[in-house]
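Notes to accompany the following structure.
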2 protein chains.
Amino acid sequence: MVVTSTKLYIEIVKKIQDMIQEDGLGIGDKIPSERELSERLKVGRSSVREALRALELLGLIETRRGEGTFIKDFGDHQLVQLLGPFILQGIKKKSDLSETKYLIERDCITLACKRISSTQLNFLEEKALSNELSIDLLLKTLVESTDNLLLLRIWLVLNEYFNVSTAFDYKLNFLDFNEIIEGLKAGDTERVLIEYNTFAKKYMNSRSEDIVPSFDGRKKI
Amino acid sequence: MVVTSTKLYIEIVKKIQDMIQEDGLGIGDKIPSERELSERLKVGRSSVREALRALELLGLIETRRGEGTFIKDFGDHQLVQLLGPFILQGIKKKSDLSETKYLIERDCITLACKRISSTQLNFLEEKALSNELSIDLLLKTLVESTDNLLLLRIWLVLNEYFNVSTAFDYKLNFLDFNEIIEGLKAGDTERVLIEYNTFAKKYMNSRSEDIVPSFDGRKKI
DNA sequence: AAGTCAACGTGGTCAGACCACCCATTTGAT
DNA sequence: ATCAAATGGGTGGTCTGACCACGTTGACTT
């Protein structure tokens, strides 16, 4: 038998990803059945299943009993739901998460001030008026407006992790949202960031003094 | 048979988590073998394995063939490693990659100026003197100095893909490195960033005017 | 033509087998 | 008595085949 130093199911995950790419499959498409994958890749079905479970946890596929396995729109994974009890242990890591999230959001806001489209601005205004604008939706729209798909995907993962690992339900009122939207309209980065910091600081538990003061302490240099 | 609406392996994950908590197991401890879990939970071993794969993916456990399964320090998730190829898949615009890499590096440099240790500074100085300091090594050290494991993992993935997808072999000489190291010593963020920008600009092909001018054009506000 | 239902394909699960590996113990030679 | 080699048991890693539960499809009935 072939010697495999790395775990087989990891290899299978990669092969399936390659297969998807080669066959040009997209969101919603059906991938080969477990039995067919097992045959094509010449591995046991149980190994294929372990690989599929991994992909499922990552939110890349969706399995429907009796139907098959389908490529899913990237997003809501099971993943984080399972972490609940455990995540409380790694305090140090939790700050890693919030810190990283903060940094990326700040970058995205800076970009958004230059790149956001009028369509997206109108969308935000409408949502704010009808009181349907949440912080999550605002941030997501801003990250999207950077027109950087990679940045968006990273943020989606971070945000999902963050939402299940933290009890952060801070709310902004209409005036806060309006201030941000007006800042975006004017392309005034500082104005938007100052408003953003008012609530972002609240979840930046530790070490925040290293990064947040980019405005408060800006003058000190 | 009992009707199970949710997937069995999800249930098993929860039960294992409960079991760990009840037994008061901590980091490094060994959890029951797959066969024993299968017996105690009255489920098939393959189902237990699917649950363990999930926990492994989340970085909560570590399996060692011939030894057993052990509770791991929550942190270095396999997650980002597996997510890497996926996140980057379908990123058509290479500029997304370089832009994201740039933003994260700039954030890390800002943090590094406050957090880098004297040990790390000495390391950089030695490497620079012996002409063994590459841009990659410099950046990696700076990212590490942020003491943010998540940030490090994201950067590692980005850098890896950047290096294979781009022919960027710009070199810095000793004086350039020295300028950066001196800036780090003094905690002078701007000084380091200005030097960093001199070569970072070179791989920021498009849209760079949106982000790079944070120093060049800073005065315009 | 519209409705019914049986066969098929799918994922979900189980049981048992064998392998590769680690480790502690026993065994053997020196 | 000492120490190295062989052994045996326990563990995760993988494969196979079987059965179940569910959705779809298409031929059959009405």
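Naming scheme: A, B, ... for chains in displayed order of the structure tokens; residues 1 onward per chain; ligands 1 onward as shown.
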Chain A near chain C within 10 Å: what's each residue's closest atom pair and its distance in Å to one decimal, counting only C-alpha atoms (C1' of nucleotides), ordered by chain then ascending residue number, as CSV?
```
residue,atom,partner,partner_atom,distance
A:Met1,CA,C:DC19,C1',9.5
A:Val3,CA,C:DA20,C1',9.8
A:Ser33,CA,C:DT10,C1',7.3
A:Glu34,CA,C:DG11,C1',8.0
A:Arg35,CA,C:DT10,C1',9.4
A:Arg49,CA,C:DG11,C1',9.7
A:Thr63,CA,C:DG11,C1',7.3
A:Arg64,CA,C:DG11,C1',6.8
A:Arg65,CA,C:DG11,C1',4.4
A:Gly66,CA,C:DT10,C1',4.2
A:Glu67,CA,C:DT10,C1',5.2
A:Gly68,CA,C:DT10,C1',5.5
A:Thr69,CA,C:DG11,C1',8.2
```
Residues of the last selection are to be written out with C-alpha atoms, as a PDB file, in the first residue's frame.
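For reference, again.pdb as written:
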```pdb
ATOM      1  CA  MET A   1       0.000   0.000   0.000  1.00  0.00           C
ATOM      2  CA  VAL A   3       2.556   5.257   2.311  1.00  0.00           C
ATOM      3  CA  SER A  33     -22.201  10.760  -5.152  1.00  0.00           C
ATOM      4  CA  GLU A  34     -20.187   9.328  -2.312  1.00  0.00           C
ATOM      5  CA  ARG A  35     -20.018   5.972  -3.997  1.00  0.00           C
ATOM      6  CA  ARG A  49     -17.426  10.738   3.971  1.00  0.00           C
ATOM      7  CA  THR A  63     -25.785  17.233   1.844  1.00  0.00           C
ATOM      8  CA  ARG A  64     -29.382  16.311   1.369  1.00  0.00           C
ATOM      9  CA  ARG A  65     -30.351  12.760   2.154  1.00  0.00           C
ATOM     10  CA  GLY A  66     -31.936  11.049  -0.769  1.00  0.00           C
ATOM     11  CA  GLU A  67     -30.821  13.742  -3.152  1.00  0.00           C
ATOM     12  CA  GLY A  68     -27.089  14.226  -3.078  1.00  0.00           C
ATOM     13  CA  THR A  69     -24.346  16.642  -2.222  1.00  0.00           C
TER      14      THR A  69
END
```
Legend entry - Exercise answer, chain A residues close to chain B, 6 Å and only C-alpha atoms, as a PyMOL selection string: chain A and resi 50+96+148
Please produce a file of the residues just selected, as a compact mmCIF listing (two decimals), in the first residue's frame, where the atoms kept are C-alpha atoms.
```txt
# COMPACT_ATOMS: atom_id res chain seq x y z
CA GLU A 50 -14.87 12.10 6.42
CA ASP A 96 -7.00 37.50 18.53
CA ASN A 148 -12.35 42.88 -2.94
```
Inset, instruction - Mind giving me the straight-line distance from atom CA of Arg45 of chain B to atom C1' of DG8 of chain D in Å, one decimal? - result: 23.8 Å
Inset, instruction - Give the helix (DSSP H, G or I) residues of segment 13-137 of chain B, as DSSP finds them on the backbone, and put them as number ranges by chain. - result: B: 13-22, 34-41, 45-57, 78-88, 94-115, 118-129, 135-137
Chain D residues near chain B within 10 Å, closest pair each, using only C-alpha atoms (C1' of nucleotides), as CSV:
```
residue,atom,partner,partner_atom,distance
D:DG10,C1',B:Gly66,CA,7.6
D:DT11,C1',B:Gly66,CA,4.2
D:DG12,C1',B:Arg65,CA,4.4
D:DG13,C1',B:Arg65,CA,7.7
D:DC20,C1',B:Met1,CA,9.6
D:DA21,C1',B:Val3,CA,9.9
```
Those same residues - N, CA and C atoms (P, O5', C5', C4', C3', O3' and C1' of nucleotides) - I'd like them written as a PDB file, in the first residue's frame.
```pdb
ATOM      1  P    DG D  10      -5.765  -5.116  25.236  1.00  0.00           P
ATOM      2  O5'  DG D  10      -5.701  -3.593  24.742  1.00  0.00           O
ATOM      3  C5'  DG D  10      -4.897  -2.669  25.465  1.00  0.00           C
ATOM      4  C4'  DG D  10      -4.647  -1.442  24.623  1.00  0.00           C
ATOM      5  C3'  DG D  10      -5.909  -0.879  23.938  1.00  0.00           C
ATOM      6  O3'  DG D  10      -6.042   0.492  24.263  1.00  0.00           O
ATOM      7  C1'  DG D  10      -4.146  -1.129  22.373  1.00  0.00           C
ATOM      8  P    DT D  11      -7.338   1.283  23.782  1.00  0.00           P
ATOM      9  O5'  DT D  11      -6.841   2.099  22.510  1.00  0.00           O
ATOM     10  C5'  DT D  11      -5.864   3.129  22.673  1.00  0.00           C
ATOM     11  C4'  DT D  11      -5.403   3.593  21.314  1.00  0.00           C
ATOM     12  C3'  DT D  11      -6.536   3.975  20.364  1.00  0.00           C
ATOM     13  O3'  DT D  11      -6.766   5.371  20.406  1.00  0.00           O
ATOM     14  C1'  DT D  11      -4.803   2.727  19.276  1.00  0.00           C
ATOM     15  P    DG D  12      -8.055   5.918  19.608  1.00  0.00           P
ATOM     16  O5'  DG D  12      -7.470   6.219  18.172  1.00  0.00           O
ATOM     17  C5'  DG D  12      -6.515   7.269  18.000  1.00  0.00           C
ATOM     18  C4'  DG D  12      -5.839   7.135  16.656  1.00  0.00           C
ATOM     19  C3'  DG D  12      -6.688   7.565  15.459  1.00  0.00           C
ATOM     20  O3'  DG D  12      -5.836   8.186  14.499  1.00  0.00           O
ATOM     21  C1'  DG D  12      -6.059   5.339  15.168  1.00  0.00           C
ATOM     22  P    DG D  13      -6.414   8.642  13.060  1.00  0.00           P
ATOM     23  O5'  DG D  13      -6.155   7.361  12.151  1.00  0.00           O
ATOM     24  C5'  DG D  13      -4.882   7.190  11.538  1.00  0.00           C
ATOM     25  C4'  DG D  13      -5.021   6.422  10.239  1.00  0.00           C
ATOM     26  C3'  DG D  13      -6.120   6.941   9.309  1.00  0.00           C
ATOM     27  O3'  DG D  13      -5.635   6.926   7.973  1.00  0.00           O
ATOM     28  C1'  DG D  13      -6.514   4.676   9.791  1.00  0.00           C
ATOM     29  P    DC D  20     -33.133  -3.165   6.789  1.00  0.00           P
ATOM     30  O5'  DC D  20     -33.076  -1.588   7.069  1.00  0.00           O
ATOM     31  C5'  DC D  20     -32.595  -1.116   8.317  1.00  0.00           C
ATOM     32  C4'  DC D  20     -32.498   0.406   8.287  1.00  0.00           C
ATOM     33  C3'  DC D  20     -33.796   1.104   7.869  1.00  0.00           C
ATOM     34  O3'  DC D  20     -34.170   2.046   8.865  1.00  0.00           O
ATOM     35  C1'  DC D  20     -31.938   1.940   6.621  1.00  0.00           C
ATOM     36  P    DA D  21     -35.645   2.702   8.788  1.00  0.00           P
ATOM     37  O5'  DA D  21     -35.385   4.102   8.068  1.00  0.00           O
ATOM     38  C5'  DA D  21     -34.506   5.029   8.697  1.00  0.00           C
ATOM     39  C4'  DA D  21     -34.415   6.299   7.866  1.00  0.00           C
ATOM     40  C3'  DA D  21     -35.753   6.867   7.395  1.00  0.00           C
ATOM     41  O3'  DA D  21     -35.706   8.275   7.492  1.00  0.00           O
ATOM     42  C1'  DA D  21     -34.398   6.425   5.519  1.00  0.00           C
TER      43       DA D  21
END
```
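Note that the spacing between atom CA of Glu105 of chain B and atom CA of Lys201 of chain B amounts to 12.4 Å.
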Inset, instruction - Quote the spacing between atom CA of Ser38 of chain B and atom CA of Ile16 of chain B in Å to one decimal place. - result: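 Between atom CA of Ser38 of chain B and atom CA of Ile16 of chain B the gap is 10.9 Å.
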Inset, instruction - Check the smallest atom-to-atom distance from each of B:Leu121, B:Phe177, B:Ile109, B:Ile135 to Asn163 of chain B using only C-alpha atoms, then report the winner. - result: B:Ile135
